[in-house]
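K.L.:
Below: one structure in structure tokens.
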Amino acid sequence: MPAIEVRQLFKTIENSASRVEILRDVSFSVPRGQFLAIMGASGSGKSTLLGLLAGLDTATSGAIVLDGTDITHLKEDALARLRGQKIGFVFQSYQLVPTLTAEENVLLPAELSGFNGQSRERAHALLERVGLADRMGHYPVQLSGGEQQRVALARAFMTRPPILMADEPTGNLDSANGRHVLDLLVELNREESTTLVLVTHDRKLAEHADRILTLGDGRVLSDELVGRTVEA
Amino acid sequence: MFVRTAAKIAWRELHASPQKFTFVILAVAVGVAALSGVKGFGYAFRGMLLRNARQLIAADLQAQTWTDPTSKQLEKMAAVGERYGAVTRVTETVSMAASTQGRFPQMVAVKGVDPNAYPYYGKLTLKPAQPLAELLNEDSAIVVTPELLLRFKVSPGDTMRLGGKEFHIAGILEAEPDRLASGFGPGMRVMMSRAGLERTGLVQFGSRAAQRFLFKLRPDVDLEAVKRDVKSAIPRVFISDYREGSPVVGRVVDRTSTFLSLVSLIALIVGSLGVAMAMYSHLQQRMDTIAVMKAVGARAGQIMQIYLIQTLWLGLAGAGIGIALGAAVQKSFPWLIRRVFALLPDVPWDWSFSLQGMSLGVLATLLFTVPPLLGIRSVRPNLVFRRNMDDAAQESRRHWRDKLPAWLGAAAIVIGFCLVAIWLSGSWKMGLYFAGGLAASILLLTGVAALLLRAIRALVSASRSSLPLAFRHGFANLYRPGNQARSVLVALGIGVMFTLTTYLLQRTVLRQVESEGPGREGNLFMLDIRKADEVSRLVESQPGVTGKVQLVGYIVSRMLEQNGVPIERLALSKARKDELQTVRITSAKSLPDGLEVREGAWWRAESARPQLAVSERAQRDFHLRLGDRVVFQIAGRRIEAPLVAVFRRDQRAPVRFELVFPLNALEGMPVVYYGAAHVDPPHIPAVEAAIFENFPTVTVMNLADVLTRIQEAVDQVALVVRFLALFAIAAGVIILCSSVAGTRYRRIREVAVLKTLGGTRRRIKSIFSVEFSILGAVGGLVGAVLANVFTRIVAEKFMEAGFEFDWGALFLAMAGTALLANLAGWLASGGILNQRPLEVLRGE
Ligand SMILES: Nc1ncnc2c1ncn2[C@@H]1O[C@H](COP(=O)(O)OP(=O)(O)O)[C@@H](O)[C@H]1O
Ligand SMILES: [Mg+2]
């Protein structure tokens, strides 16, 4: 059973004036443990696709199966619960909750999904892993961009999700900090053996991946395993 | 001109976040509504009184006195009437009455008129619709109000007994123009001819009856001349004419509307506080825009123009809506005070206060926006280069605080509202007291709110890990940037404080009346007693009556001389000399309970020699010394009495002893007695009936009725005050809405993040609910604590009553405000739970 399976996915946005086809007939499947990079020019539909994969939005047609569960017709709360169990998410702009400390931000997904067990120990371990052991009680405004994104990474891995999605996680960072965050992401991914879907438009970052899927104008332009090319 | 550009930018911003500004407008509207409603009603009422002035006194001019005029005075008065037009006398008093079928008497107001002359103006509504003179063609005929028919279960044609005589009901008195003129209340009323009133024997020397002389004047008559002549006919009369409206009612309305408009001003201030807060957080969110504008060369003055224009528009819109709402308030006022003014003509809608209300609303809005607007000057363009606007906002906030402009702004607010309060109350002293009190309350509330917030924060961070998520997160949200938790607390607190204070005071008053009022003396009160011994004997012999009946006698007299010097030549103020024209002399044998002799000595119980004892207060007021010889005119006789004792009165003594004579010294004079008896409640009606049977002119009231009456009066006042205090709460709630709406964008993003991390809507809902509940509960707590403190101060300082901290009210206030805050919070965050996360998070 693949971690992610996408079949004939369409996303169309209509408002009174216009009709935009953001995704057209996208199909692919991601086996467990794979590191998939999604590339494409700005506006090609990468974020939309990732959002649909995480159930943050609903597709116009087509199906998405996550870890054996068809999420296409799930209700809002069921989707939230599923995300809590199966998906970790990293945003380009961190999206930490400003009123909570770093530690509390990391704990948040566990608490929201009723995850029990050694959550506090795990949160501490993760924060230590990303090099912020001494910043646990700090609020987001007290942290730099790179530090905030590392907290966001720790948060994404908190509930040991089988799938991790990241939308240009280094987009807001300078190259040194971006490098550090990406290394951490890749290492954590390996340690936790999650399936990783990384959206980026940076060819260099994508080269760490097992496979690169390129979008253009809402379609899959190419799908290559690093080293050998597969027809789209 | 930059103004047009500024206006354009201002408009664009208003347009961009309609929700936030809707609440700002509403906050102003609520304040203006309360104020213009109350003041407008006062104006309208005053105007109505003036327009109907002749009807309300049923004459061109009236002269009223509370003493029985002598026949010589009556002759003089008749002569004055003849000289200028016509005069007629109206006498009003109270009496017990009963129907011939029913045994049990009740108190009614009795009015004796000359049916051929009365009323000069206005119309009596009678059923059958015949002239009053025809209905009252015999001296045994009466007309009565519908309420009396209802309460006595009688109908026209039936017979009533008053003062031991029988009267037949000739018709129904549905309305009388001058009903409020003499101050006898609404309800059960009887009108009869003067001859009929004679027959009852109710009005004798010393009775409590209002005598009104109504004048119909020829058109060319000089009012001042009439007044002069009236005064020389009867020296101490209270004169009012058609130019003044009904002065007594007018004064009551003026005083009431002043008091109530100050209460409403609180609502306006709370509302404007909301505006200030909204503008403050709005400006904070606009900080980047402001910095960019400055970076491209805009001057601080120009930017301030933009936001000044914006504030002005908001103020105008709010005040406009407020005036419309105020019309509704004004309309509902007659309903609120319907018991007192039930039979007045309709009070028409009056625009006169609307413009003033409008300017007040705009002024209040502008005043409160001064400090945040001045803060614009200190925004530095280099903020543009900061990444995180939260940082920028925080830093500039610190900056604002330390700056002089903020203090200047605060001073402007305080002075501005002082002036408004002075203008509204028409008195420097009252305005300043009010403004000072309010400023102190707001400061106190702000301080308490800040302390509480800090305490909660400390408590929560200490016990953070052990709290459930919703609580931890909800608490944390209170400190969200742009979340004006403190202002919300102050606003809610003020509203709760006022509402609860009126409630607690109302209860304290009633409880005091019950426990320490007349109840200690007995539960059946008797007034207008002439034959003291016989009445005592009768009452004491009735079944159910326990103990002795204590009667105190008094007689109204005039003080003439002190040590041979006529009163007119004493070094006393005019007011004091006037007081000496009708002094009440109380009689006593031995020293009454509750009095303590401070100087001199009390007389022997049986002493019949005229001598005087006075209270310390009377001694001070009239400069009396032990041994002074004081001459009184009592019932036409000159009596000289030496001052033999000065006493101190226990504040809670039931009888107001001021000047006391030995009982036996008043032997043979028309002394009127009053007092109380302890009666087993089930026996009260029978005792009342027995007194009525034997002494029909004695007025009897039982404690339960008196308490009910007091309660009704207190409730009436409290209802109106609470109604207006509710506007302050409404303003608080709107401020909460505005604060929630102002942080809407943050909240939406947070919901999206929480959903992405696996939060279900229920989970997220509980987080926000905790936040709103805490705000509400803490606001309620602060308000309730202060209300308890205030009530305690008022109760102990001004009412000499005890007051226990009311925990029930505290918890109720907390729960109620928490509920209200949830309603408001969720109303203002409508729809944020249903946003799709991706919509929100994209494009960050
Ligand atoms: N709500 C929307 N309404 C209209 N167009 C949209 C909306 N959301 C996304 N788009 C358009 O869809 C396209 C794909 O957007 P996105 O998935 O964010 O691309 P990417 O992440 O690859 O830069 C863009 O052209 C964007 O303008
Ligand atoms: Mg994107």
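Naming works like this for the structure tokens: A, B, ... for the chains as they're shown, residue 1 at the start of each chain, ligands 1 onward in shown order.
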Within 7 Å of Ile529 in chain B, counting only C-alpha atoms, which residues qualify if same-chain residues fewer than 5 places away don't, as a list of chain:residue names?
P.N.:
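The contact residues come out as B:Val672, B:Tyr673, B:Tyr674, B:Val698.
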K.L.:
Mind listing the residues within 9 Å of ligand 2, only C-alpha atoms and all ligand atoms counted, as a PyMOL selection string?
P.N.:
(chain A and resi 42-48+50+92+167-168+199-200) or (chain B and resi 842-844)
K.L.:
Compute the set of chain A residues within 8 Å of chain B, using only C-alpha atoms, and express it as a PyMOL selection string.
P.N.:
chain A and resi 47-48+51+56-57+76-85+88-89+92-93+95-100+108-109+111-113+141
K.L.:
Have a look at CA of Asn189 in chain A and CA of Phe91 in chain A and let me know their distance in Å, one decimal.
P.N.:
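One can read the CA of Asn189 in chain A to CA of Phe91 in chain A distance as 16.1 Å.
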K.L.:
Enter the distance from CA of Thr65 in chain B to CA of His168 in chain B, in Å, rounded to one decimal.
P.N.:
29.6 Å
K.L.:
How many Å separate CA of Phe798 in chain B from CA of Leu35 in chain B?
P.N.:
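About the pair CA of Phe798 in chain B and CA of Leu35 in chain B: they are 27.7 Å apart.
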K.L.:
Identify, on the basis of only C-alpha atoms, every residue whose closest approach to His208 in chain A does not exceed 10 Å; exclude the query and any residue fewer than 4 positions from it along the same chain; express the result as a VMD selection string.
P.N.:
chain A and resid 35 to 37 182 to 183 186 203 to 204 212 226
K.L.:
Would you output that residue set with N, CA and C atoms, as a CSV table (one decimal), in the first residue's frame?
P.N.:
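Just written: selection.csv:
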```csv
chain,number,residue,atom,x,y,z
A,35,PHE,N,11.2,10.1,-0.5
A,35,PHE,CA,11.4,11.6,-0.3
A,35,PHE,C,11.1,12.1,-1.7
A,36,LEU,N,9.9,12.8,-1.8
A,36,LEU,CA,9.4,13.3,-3.1
A,36,LEU,C,9.6,14.8,-3.1
A,37,ALA,N,10.2,15.4,-4.1
A,37,ALA,CA,10.3,16.8,-4.2
A,37,ALA,C,9.3,17.2,-5.3
A,182,LEU,N,17.0,22.6,6.2
A,182,LEU,CA,16.8,21.5,5.3
A,182,LEU,C,17.6,20.2,5.7
A,183,ASP,N,18.8,20.4,6.2
A,183,ASP,CA,19.5,19.3,6.7
A,183,ASP,C,18.8,18.6,7.8
A,186,VAL,N,15.8,16.6,6.5
A,186,VAL,CA,16.2,15.4,5.8
A,186,VAL,C,16.7,14.3,6.9
A,203,ARG,N,16.3,23.9,-7.3
A,203,ARG,CA,16.8,22.7,-7.9
A,203,ARG,C,17.8,22.0,-7.0
A,204,LYS,N,18.6,22.7,-6.3
A,204,LYS,CA,19.7,22.2,-5.4
A,204,LYS,C,19.1,21.4,-4.3
A,212,ILE,N,11.8,13.5,-8.2
A,212,ILE,CA,11.3,14.9,-8.4
A,212,ILE,C,10.2,15.0,-9.4
A,226,VAL,N,15.6,10.3,-9.0
A,226,VAL,CA,16.9,10.9,-9.1
A,226,VAL,C,17.9,9.8,-9.7
```
K.L.:
Can you pull out every residue within 12 Å of Ala58 in chain B, counting only C-alpha atoms, but drop anything in the same chain fewer than 5 positions away, and send it as a VMD selection string?
P.N.:
chain B and resid 52 to 53 63 87 to 90 113 117 to 124 176 to 182 212 to 216 240 to 242 245 to 246
K.L.:
With N, CA and C atoms kept, could you save the residues just selected as an mmCIF file, in the first residue's frame?
P.N.:
```cif
data_model
loop_
_atom_site.group_PDB
_atom_site.id
_atom_site.type_symbol
_atom_site.label_atom_id
_atom_site.label_comp_id
_atom_site.auth_asym_id
_atom_site.auth_seq_id
_atom_site.Cartn_x
_atom_site.Cartn_y
_atom_site.Cartn_z
ATOM 1 N N ASN B 52 -48.594 72.777 28.711
ATOM 2 C CA ASN B 52 -49.841 72.446 29.396
ATOM 3 C C ASN B 52 -49.897 73.051 30.792
ATOM 4 N N ALA B 53 -49.116 74.093 30.991
ATOM 5 C CA ALA B 53 -48.965 74.602 32.350
ATOM 6 C C ALA B 53 -50.310 74.978 32.975
ATOM 7 N N ALA B 63 -51.858 79.257 44.501
ATOM 8 C CA ALA B 63 -51.140 79.486 45.733
ATOM 9 C C ALA B 63 -51.457 78.311 46.642
ATOM 10 N N VAL B 87 -61.308 83.370 42.047
ATOM 11 C CA VAL B 87 -60.500 82.422 42.801
ATOM 12 C C VAL B 87 -61.410 81.303 43.289
ATOM 13 N N THR B 88 -60.865 80.135 43.395
ATOM 14 C CA THR B 88 -61.605 79.026 43.993
ATOM 15 C C THR B 88 -60.614 78.196 44.801
ATOM 16 N N ARG B 89 -61.100 77.537 45.833
ATOM 17 C CA ARG B 89 -60.211 76.792 46.709
ATOM 18 C C ARG B 89 -60.391 75.296 46.467
ATOM 19 N N VAL B 90 -59.276 74.597 46.447
ATOM 20 C CA VAL B 90 -59.290 73.146 46.321
ATOM 21 C C VAL B 90 -58.532 72.591 47.516
ATOM 22 N N VAL B 113 -63.724 70.330 46.004
ATOM 23 C CA VAL B 113 -63.670 71.448 45.044
ATOM 24 C C VAL B 113 -65.023 72.151 45.005
ATOM 25 N N ALA B 117 -66.931 76.129 39.859
ATOM 26 C CA ALA B 117 -65.790 76.917 39.401
ATOM 27 C C ALA B 117 -64.657 76.035 38.886
ATOM 28 N N TYR B 118 -64.424 74.936 39.557
ATOM 29 C CA TYR B 118 -63.276 74.079 39.240
ATOM 30 C C TYR B 118 -63.592 73.201 38.042
ATOM 31 N N PRO B 119 -62.685 72.919 37.138
ATOM 32 C CA PRO B 119 -61.387 73.563 36.972
ATOM 33 C C PRO B 119 -61.478 74.758 36.031
ATOM 34 N N TYR B 120 -60.571 75.720 36.219
ATOM 35 C CA TYR B 120 -60.559 76.865 35.321
ATOM 36 C C TYR B 120 -59.985 76.485 33.963
ATOM 37 N N TYR B 121 -59.020 75.589 33.964
ATOM 38 C CA TYR B 121 -58.421 75.134 32.707
ATOM 39 C C TYR B 121 -58.360 73.622 32.715
ATOM 40 N N GLY B 122 -58.260 73.047 31.520
ATOM 41 C CA GLY B 122 -58.206 71.599 31.426
ATOM 42 C C GLY B 122 -59.601 71.031 31.550
ATOM 43 N N LYS B 123 -59.705 69.728 31.371
ATOM 44 C CA LYS B 123 -61.029 69.123 31.346
ATOM 45 C C LYS B 123 -61.067 67.923 32.269
ATOM 46 N N LEU B 124 -62.161 67.795 32.971
ATOM 47 C CA LEU B 124 -62.381 66.578 33.736
ATOM 48 C C LEU B 124 -63.037 65.576 32.802
ATOM 49 N N GLU B 176 -58.298 63.995 35.632
ATOM 50 C CA GLU B 176 -58.384 65.358 36.138
ATOM 51 C C GLU B 176 -57.070 66.044 35.790
ATOM 52 N N PRO B 177 -57.148 67.259 35.267
ATOM 53 C CA PRO B 177 -55.954 67.893 34.708
ATOM 54 C C PRO B 177 -54.861 68.150 35.746
ATOM 55 N N ASP B 178 -55.238 68.562 36.953
ATOM 56 C CA ASP B 178 -54.238 69.026 37.924
ATOM 57 C C ASP B 178 -53.931 67.972 38.966
ATOM 58 N N ARG B 179 -53.960 66.682 38.539
ATOM 59 C CA ARG B 179 -53.828 65.665 39.551
ATOM 60 C C ARG B 179 -52.480 65.664 40.252
ATOM 61 N N LEU B 180 -51.427 66.081 39.521
ATOM 62 C CA LEU B 180 -50.099 66.045 40.145
ATOM 63 C C LEU B 180 -49.792 67.304 40.943
ATOM 64 N N ALA B 181 -50.680 68.299 40.839
ATOM 65 C CA ALA B 181 -50.335 69.621 41.370
ATOM 66 C C ALA B 181 -50.102 69.618 42.875
ATOM 67 N N SER B 182 -50.828 68.805 43.615
ATOM 68 C CA SER B 182 -50.702 68.907 45.060
ATOM 69 C C SER B 182 -49.824 67.820 45.651
ATOM 70 N N ARG B 212 -55.157 74.625 48.049
ATOM 71 C CA ARG B 212 -54.722 75.313 46.822
ATOM 72 C C ARG B 212 -55.754 76.366 46.445
ATOM 73 N N PHE B 213 -55.284 77.576 46.268
ATOM 74 C CA PHE B 213 -56.156 78.637 45.772
ATOM 75 C C PHE B 213 -55.880 78.792 44.282
ATOM 76 N N LEU B 214 -56.898 78.528 43.470
ATOM 77 C CA LEU B 214 -56.714 78.628 42.023
ATOM 78 C C LEU B 214 -57.272 79.959 41.548
ATOM 79 N N PHE B 215 -56.467 80.660 40.753
ATOM 80 C CA PHE B 215 -56.893 81.958 40.246
ATOM 81 C C PHE B 215 -57.100 81.896 38.758
ATOM 82 N N LYS B 216 -58.221 82.503 38.322
ATOM 83 C CA LYS B 216 -58.402 82.742 36.893
ATOM 84 C C LYS B 216 -58.308 84.253 36.759
ATOM 85 N N SER B 240 -47.244 79.370 42.109
ATOM 86 C CA SER B 240 -46.729 79.045 40.782
ATOM 87 C C SER B 240 -47.730 79.541 39.760
ATOM 88 N N ASP B 241 -47.193 79.931 38.586
ATOM 89 C CA ASP B 241 -48.107 80.426 37.576
ATOM 90 C C ASP B 241 -47.881 79.715 36.253
ATOM 91 N N TYR B 242 -48.729 80.044 35.273
ATOM 92 C CA TYR B 242 -48.710 79.301 34.015
ATOM 93 C C TYR B 242 -47.399 79.467 33.248
ATOM 94 N N GLY B 245 -44.817 76.436 34.293
ATOM 95 C CA GLY B 245 -45.188 75.040 34.247
ATOM 96 C C GLY B 245 -45.520 74.651 35.651
ATOM 97 N N SER B 246 -45.506 73.390 35.926
ATOM 98 C CA SER B 246 -45.766 72.969 37.290
ATOM 99 C C SER B 246 -44.422 72.877 37.990
#
```
K.L.:
Just list the residues in range 76-119 of chain B DSSP gives helix (DSSP H, G or I) on the backbone, as an MDAnalysis selection string.
P.N.:
chainID B and resid 76:84
K.L.:
Any idea what's packed within 6 Å of range 270-287 of chain B, counting only C-alpha atoms, ignoring anything in its chain fewer than 6 positions away? Could you give it as a list of chain:residue names?
P.N.:
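Neighbouring residues, sequence-local ones excluded: B:Val24, B:Ala27, B:Val28, B:Gly31, B:Ala364, B:Thr365, B:Phe368, B:Thr369, B:Pro372, B:Ala393, B:Gly482, B:Ala491, B:Ala731, B:Ile735.
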K.L.:
Suppose we keep C-alpha atoms; can you now write the selection as an mmCIF file, in the first residue's frame?
P.N.:
```cif
data_model
loop_
_atom_site.group_PDB
_atom_site.id
_atom_site.type_symbol
_atom_site.label_atom_id
_atom_site.label_comp_id
_atom_site.auth_asym_id
_atom_site.auth_seq_id
_atom_site.Cartn_x
_atom_site.Cartn_y
_atom_site.Cartn_z
ATOM 1 C CA VAL B 24 -16.765 51.224 16.802
ATOM 2 C CA ALA B 27 -20.089 51.678 20.745
ATOM 3 C CA VAL B 28 -20.576 55.382 20.140
ATOM 4 C CA GLY B 31 -23.624 55.978 24.517
ATOM 5 C CA ALA B 364 -16.323 62.029 23.022
ATOM 6 C CA THR B 365 -14.998 60.004 20.107
ATOM 7 C CA PHE B 368 -10.576 59.523 23.277
ATOM 8 C CA THR B 369 -8.750 59.190 19.976
ATOM 9 C CA PRO B 372 -3.444 57.181 19.828
ATOM 10 C CA ALA B 393 3.942 47.463 17.374
ATOM 11 C CA GLY B 482 -3.971 43.616 19.826
ATOM 12 C CA ALA B 491 -15.544 48.461 30.085
ATOM 13 C CA ALA B 731 -20.963 49.337 25.403
ATOM 14 C CA ILE B 735 -15.953 46.759 22.951
#
```
K.L.:
Can you tell me, as a list in words, what residues are no more than 7 Å from Leu213 in chain A when counting only C-alpha atoms, ignoring any on the same chain fewer than 3 positions away?
P.N.:
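Listed by chain and then number, they are Ala37, Ile38, Met39, Ser222, Asp223 and Glu224 of chain A.
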K.L.:
Skip Leu438 in chain B itself and residues of its chain fewer than 5 positions away, then list as a list of chain:residue names all residues within 10 Å of it, counting only C-alpha atoms.
P.N.:
B:Ile266, B:Ile269, B:Val414, B:Phe417, B:Cys418, B:Leu432, B:Tyr433, B:Leu443, B:Leu444, B:Ile494
K.L.:
Residues of range 2-216 of chain A classed as strand (DSSP E) by DSSP on the backbone are to be reported as a VMD selection string.
P.N.:
chain A and resid 4 to 14 19 to 30 35 to 40 61 to 66 69 to 70 87 to 90 163 to 167 195 to 199 211 to 216
